[in-house]
Amino acid sequence: MSLEMKVPAVGESITEVTVAQWTKKDGDIVEMDEVICELESDKATFEVTAEAAGQLSIKAQEGDTLDIGAVLCTIDESKAAAGDEAPKASTPASSGPEKEGKATGEVVEMHVPAVGESINEVTISSWTKKSGDTVELDEVIAEIESDKATFELTAEANGKLEIIAEEGTTLEIGALICKIEVTDGGGSSASAPSSAPASGSSASSSSESKETYATGHASP
């Protein structure tokens with residue numbers, strides 16, 4: 001079964017977007033909620049995440065300008081069935097203790113990313129995770145909104161989440177939004193983004209890069 005993914009509504013005044021880049025290639029197997037491409041309008045940049053696990057078939061190429069609601073890609077869910085079962089059989093035993101037990105002592109601070117030139121503050125719309133939950137690198141953990149659009153925030157490391165700003169809180173760009181206590185679950189993949197955020201400015205730029213290459217996963 002193939003799922004059609006369409007350009008999401010990213011703001012009341014935005015009627016079309018441009019495909020800035022695909023983070024996955026045509027034919028790749030993607031996971032649900034994984035960032036697959038980046039869209040941009042004249043006001044902001046947004047990320048799009050996979051709505052299902054399966055094989056990606058790209059319909060709109062980089063540089064294409066599409067109307068809201070136009071087809072971006074399709075995902076063949078039948079192609080992911082075999083792949084999903086294999087890791088589930090082997091990972092519960094190993095990944096459980098790995099994520100729970102091996103804290104590295106490193107803490108990644110996540111700051112409100114820059115989501116548009118004219119946007120100075122955002123509001124925490126909702127958290128998809130709770131304080132104390134274990135999160136994975138690039139997993140969607142919260143939704144933030146401005147007066148122009150809604151954006152998704154993704155984890156910058158594997159580890160345990162500590163929420164600093166609760167739902168409904170309005171924050172300025174660059175303000176501290178949460179922390180992640182890094183664990184060994186994905187040490188190598190988490191270490192690159194998490195080493196830079198040690199300082200406030202680099203943490204902010206790390207968050208910003210995720211908005212542009214990857215958080216805006218613009219929510220439909």
# chains A, B, ... in the order shown; residues from 1 in each chain; ligands from 1
>>> residues_around(residues="Lys130 (chain A)", least_positions_apart="3", cutoff="8 Å", atoms="only C-alpha atoms", output="NGL selection string")
:A and (127 or 133 or 161-163)
>>> residues_around(residues="Asp64 (chain A)", least_positions_apart="3", cutoff="9 Å", atoms="only C-alpha atoms", output="VMD selection string")
chain A and resid 17 to 20 60 to 61
>>> write_last_selection(atoms="C-alpha atoms", output="PDB file, in the first residue's frame")
ATOM      1  CA  VAL A  17       6.653  26.338  -1.237  1.00  0.00           C
ATOM      2  CA  THR A  18       9.882  25.290  -2.927  1.00  0.00           C
ATOM      3  CA  VAL A  19      11.573  21.916  -2.414  1.00  0.00           C
ATOM      4  CA  ALA A  20      14.937  23.024  -0.983  1.00  0.00           C
ATOM      5  CA  ALA A  60       8.827  16.545  -6.720  1.00  0.00           C
ATOM      6  CA  GLN A  61      12.481  17.333  -7.363  1.00  0.00           C
TER       7      GLN A  61
END
>>> select_by_dssp(residues="region 23-194 of chain A", states="helix (DSSP H, G or I)", output="VMD selection string")
chain A and resid 77 to 79 81 to 101 184 to 194
>>> residues_around(residues="region 111-122 of chain A", least_positions_apart="2", cutoff="6 Å", atoms="only C-alpha atoms", output="MDAnalysis selection string")
chainID A and resid 43:44 145:146 170:177 204 207:208
>>> write_last_selection(atoms="N, CA and C atoms", output="mmCIF file, in the first residue's frame")
data_model
loop_
_atom_site.group_PDB
_atom_site.id
_atom_site.type_symbol
_atom_site.label_atom_id
_atom_site.label_comp_id
_atom_site.auth_asym_id
_atom_site.auth_seq_id
_atom_site.Cartn_x
_atom_site.Cartn_y
_atom_site.Cartn_z
ATOM 1 N N LYS A 43 9.040 33.107 3.687
ATOM 2 C CA LYS A 43 9.073 33.543 5.088
ATOM 3 C C LYS A 43 9.879 32.632 6.001
ATOM 4 N N ALA A 44 9.928 31.368 5.703
ATOM 5 C CA ALA A 44 10.608 30.439 6.614
ATOM 6 C C ALA A 44 10.956 29.144 5.900
ATOM 7 N N GLU A 145 5.018 27.164 17.687
ATOM 8 C CA GLU A 145 4.313 27.948 16.680
ATOM 9 C C GLU A 145 4.580 29.440 16.854
ATOM 10 N N SER A 146 4.556 30.131 15.730
ATOM 11 C CA SER A 146 4.665 31.590 15.735
ATOM 12 C C SER A 146 3.345 32.126 15.204
ATOM 13 N N THR A 170 5.799 31.236 26.008
ATOM 14 C CA THR A 170 6.302 32.002 24.865
ATOM 15 C C THR A 170 7.775 32.328 25.110
ATOM 16 N N LEU A 171 8.620 31.984 24.135
ATOM 17 C CA LEU A 171 10.065 32.151 24.284
ATOM 18 C C LEU A 171 10.640 32.955 23.129
ATOM 19 N N GLU A 172 11.721 33.676 23.411
ATOM 20 C CA GLU A 172 12.421 34.384 22.353
ATOM 21 C C GLU A 172 13.351 33.418 21.621
ATOM 22 N N ILE A 173 13.706 33.751 20.385
ATOM 23 C CA ILE A 173 14.644 32.934 19.616
ATOM 24 C C ILE A 173 15.954 32.839 20.411
ATOM 25 N N GLY A 174 16.471 31.608 20.559
ATOM 26 C CA GLY A 174 17.719 31.399 21.283
ATOM 27 C C GLY A 174 17.522 31.032 22.746
ATOM 28 N N ALA A 175 16.275 31.135 23.248
ATOM 29 C CA ALA A 175 16.027 30.801 24.654
ATOM 30 C C ALA A 175 16.126 29.290 24.868
ATOM 31 N N LEU A 176 16.508 28.897 26.085
ATOM 32 C CA LEU A 176 16.631 27.476 26.416
ATOM 33 C C LEU A 176 15.254 26.836 26.464
ATOM 34 N N ILE A 177 15.097 25.727 25.724
ATOM 35 C CA ILE A 177 13.791 25.080 25.646
ATOM 36 C C ILE A 177 13.770 23.726 26.369
ATOM 37 N N SER A 204 22.769 27.224 20.060
ATOM 38 C CA SER A 204 21.749 27.931 19.313
ATOM 39 C C SER A 204 21.911 27.701 17.824
ATOM 40 N N SER A 207 20.759 24.295 16.850
ATOM 41 C CA SER A 207 19.317 24.236 16.739
ATOM 42 C C SER A 207 18.871 24.879 15.442
ATOM 43 N N GLU A 208 19.545 25.980 15.102
ATOM 44 C CA GLU A 208 19.147 26.699 13.894
ATOM 45 C C GLU A 208 19.372 25.849 12.674
#
>>> residues_around(residues="Thr104 (chain A)", least_positions_apart="6", cutoff="9 Å", atoms="only C-alpha atoms", output="PyMOL selection string")
chain A and resi 181-184+187
>>> residues_around(residues="region 73-81 of chain A", least_positions_apart="6", cutoff="7 Å", atoms="only C-alpha atoms", output="PyMOL selection string")
chain A and resi 1-5+29+52-60
>>> residues_around(residues="Gly11 (chain A)", least_positions_apart="6", cutoff="12 Å", atoms="only C-alpha atoms", output="PyMOL selection string")
chain A and resi 17+40-46+68+145-151+218-220
>>> write_last_selection(atoms="N, CA, C and O atoms", output="mmCIF file, in the first residue's frame")
data_model
loop_
_atom_site.group_PDB
_atom_site.id
_atom_site.type_symbol
_atom_site.label_atom_id
_atom_site.label_comp_id
_atom_site.auth_asym_id
_atom_site.auth_seq_id
_atom_site.Cartn_x
_atom_site.Cartn_y
_atom_site.Cartn_z
ATOM 1 N N VAL A 17 5.319 26.523 -1.820
ATOM 2 C CA VAL A 17 6.653 26.338 -1.237
ATOM 3 C C VAL A 17 7.580 25.758 -2.303
ATOM 4 O O VAL A 17 7.126 25.243 -3.318
ATOM 5 N N GLU A 40 10.885 25.368 1.655
ATOM 6 C CA GLU A 40 11.038 26.755 2.076
ATOM 7 C C GLU A 40 10.041 27.650 1.346
ATOM 8 O O GLU A 40 9.675 27.401 0.205
ATOM 9 N N SER A 41 9.583 28.666 2.087
ATOM 10 C CA SER A 41 8.711 29.682 1.506
ATOM 11 C C SER A 41 9.470 30.996 1.558
ATOM 12 O O SER A 41 10.644 31.030 1.934
ATOM 13 N N ASP A 42 8.794 32.101 1.225
ATOM 14 C CA ASP A 42 9.477 33.388 1.295
ATOM 15 C C ASP A 42 9.621 33.873 2.733
ATOM 16 O O ASP A 42 10.244 34.892 3.000
ATOM 17 N N LYS A 43 9.040 33.107 3.687
ATOM 18 C CA LYS A 43 9.073 33.543 5.088
ATOM 19 C C LYS A 43 9.879 32.632 6.001
ATOM 20 O O LYS A 43 10.415 33.075 7.006
ATOM 21 N N ALA A 44 9.928 31.368 5.703
ATOM 22 C CA ALA A 44 10.608 30.439 6.614
ATOM 23 C C ALA A 44 10.956 29.144 5.900
ATOM 24 O O ALA A 44 10.571 28.911 4.760
ATOM 25 N N THR A 45 11.698 28.312 6.624
ATOM 26 C CA THR A 45 12.078 26.990 6.121
ATOM 27 C C THR A 45 11.429 25.937 7.002
ATOM 28 O O THR A 45 11.332 26.105 8.211
ATOM 29 N N PHE A 46 10.973 24.856 6.425
ATOM 30 C CA PHE A 46 10.243 23.827 7.155
ATOM 31 C C PHE A 46 10.797 22.447 6.819
ATOM 32 O O PHE A 46 11.299 22.225 5.725
ATOM 33 N N ILE A 68 0.325 24.348 -1.969
ATOM 34 C CA ILE A 68 -0.064 23.610 -0.771
ATOM 35 C C ILE A 68 -1.031 22.501 -1.189
ATOM 36 O O ILE A 68 -1.984 22.736 -1.941
ATOM 37 N N GLU A 145 5.018 27.164 17.687
ATOM 38 C CA GLU A 145 4.313 27.948 16.680
ATOM 39 C C GLU A 145 4.580 29.440 16.854
ATOM 40 O O GLU A 145 4.830 29.925 17.966
ATOM 41 N N SER A 146 4.556 30.131 15.730
ATOM 42 C CA SER A 146 4.665 31.590 15.735
ATOM 43 C C SER A 146 3.345 32.126 15.204
ATOM 44 O O SER A 146 2.409 31.362 14.971
ATOM 45 N N ASP A 147 3.277 33.433 14.988
ATOM 46 C CA ASP A 147 2.041 33.992 14.440
ATOM 47 C C ASP A 147 1.912 33.701 12.947
ATOM 48 O O ASP A 147 0.905 34.013 12.330
ATOM 49 N N LYS A 148 2.953 33.061 12.369
ATOM 50 C CA LYS A 148 2.923 32.812 10.927
ATOM 51 C C LYS A 148 2.856 31.333 10.556
ATOM 52 O O LYS A 148 2.342 30.980 9.509
ATOM 53 N N ALA A 149 3.419 30.472 11.388
ATOM 54 C CA ALA A 149 3.484 29.050 11.012
ATOM 55 C C ALA A 149 3.743 28.179 12.229
ATOM 56 O O ALA A 149 4.021 28.676 13.322
ATOM 57 N N THR A 150 3.644 26.882 12.015
ATOM 58 C CA THR A 150 3.911 25.899 13.057
ATOM 59 C C THR A 150 5.123 25.068 12.637
ATOM 60 O O THR A 150 5.285 24.739 11.470
ATOM 61 N N PHE A 151 5.989 24.753 13.600
ATOM 62 C CA PHE A 151 7.219 24.025 13.303
ATOM 63 C C PHE A 151 7.384 22.867 14.277
ATOM 64 O O PHE A 151 6.866 22.904 15.391
ATOM 65 N N ALA A 218 7.747 20.908 8.903
ATOM 66 C CA ALA A 218 6.540 21.678 9.007
ATOM 67 C C ALA A 218 5.388 20.750 9.266
ATOM 68 O O ALA A 218 5.236 19.771 8.612
ATOM 69 N N SER A 219 4.608 21.082 10.280
ATOM 70 C CA SER A 219 3.519 20.167 10.568
ATOM 71 C C SER A 219 2.341 20.502 9.696
ATOM 72 O O SER A 219 2.117 21.659 9.412
ATOM 73 N N PRO A 220 1.634 19.489 9.246
ATOM 74 C CA PRO A 220 0.505 19.758 8.335
ATOM 75 C C PRO A 220 -0.532 20.623 8.992
ATOM 76 O O PRO A 220 -0.726 20.525 10.175
#
>>> closest_residue(among="A:Val35, A:Ala103, A:Val30, A:Ile14", to="Thr134 (chain A)", atoms="only C-alpha atoms")
A:Ala103
>>> closest_residue(among="A:Lys24, A:Ile180, A:Leu153, A:Ala70", to="Val135 (chain A)", atoms="only C-alpha atoms")
A:Ile180
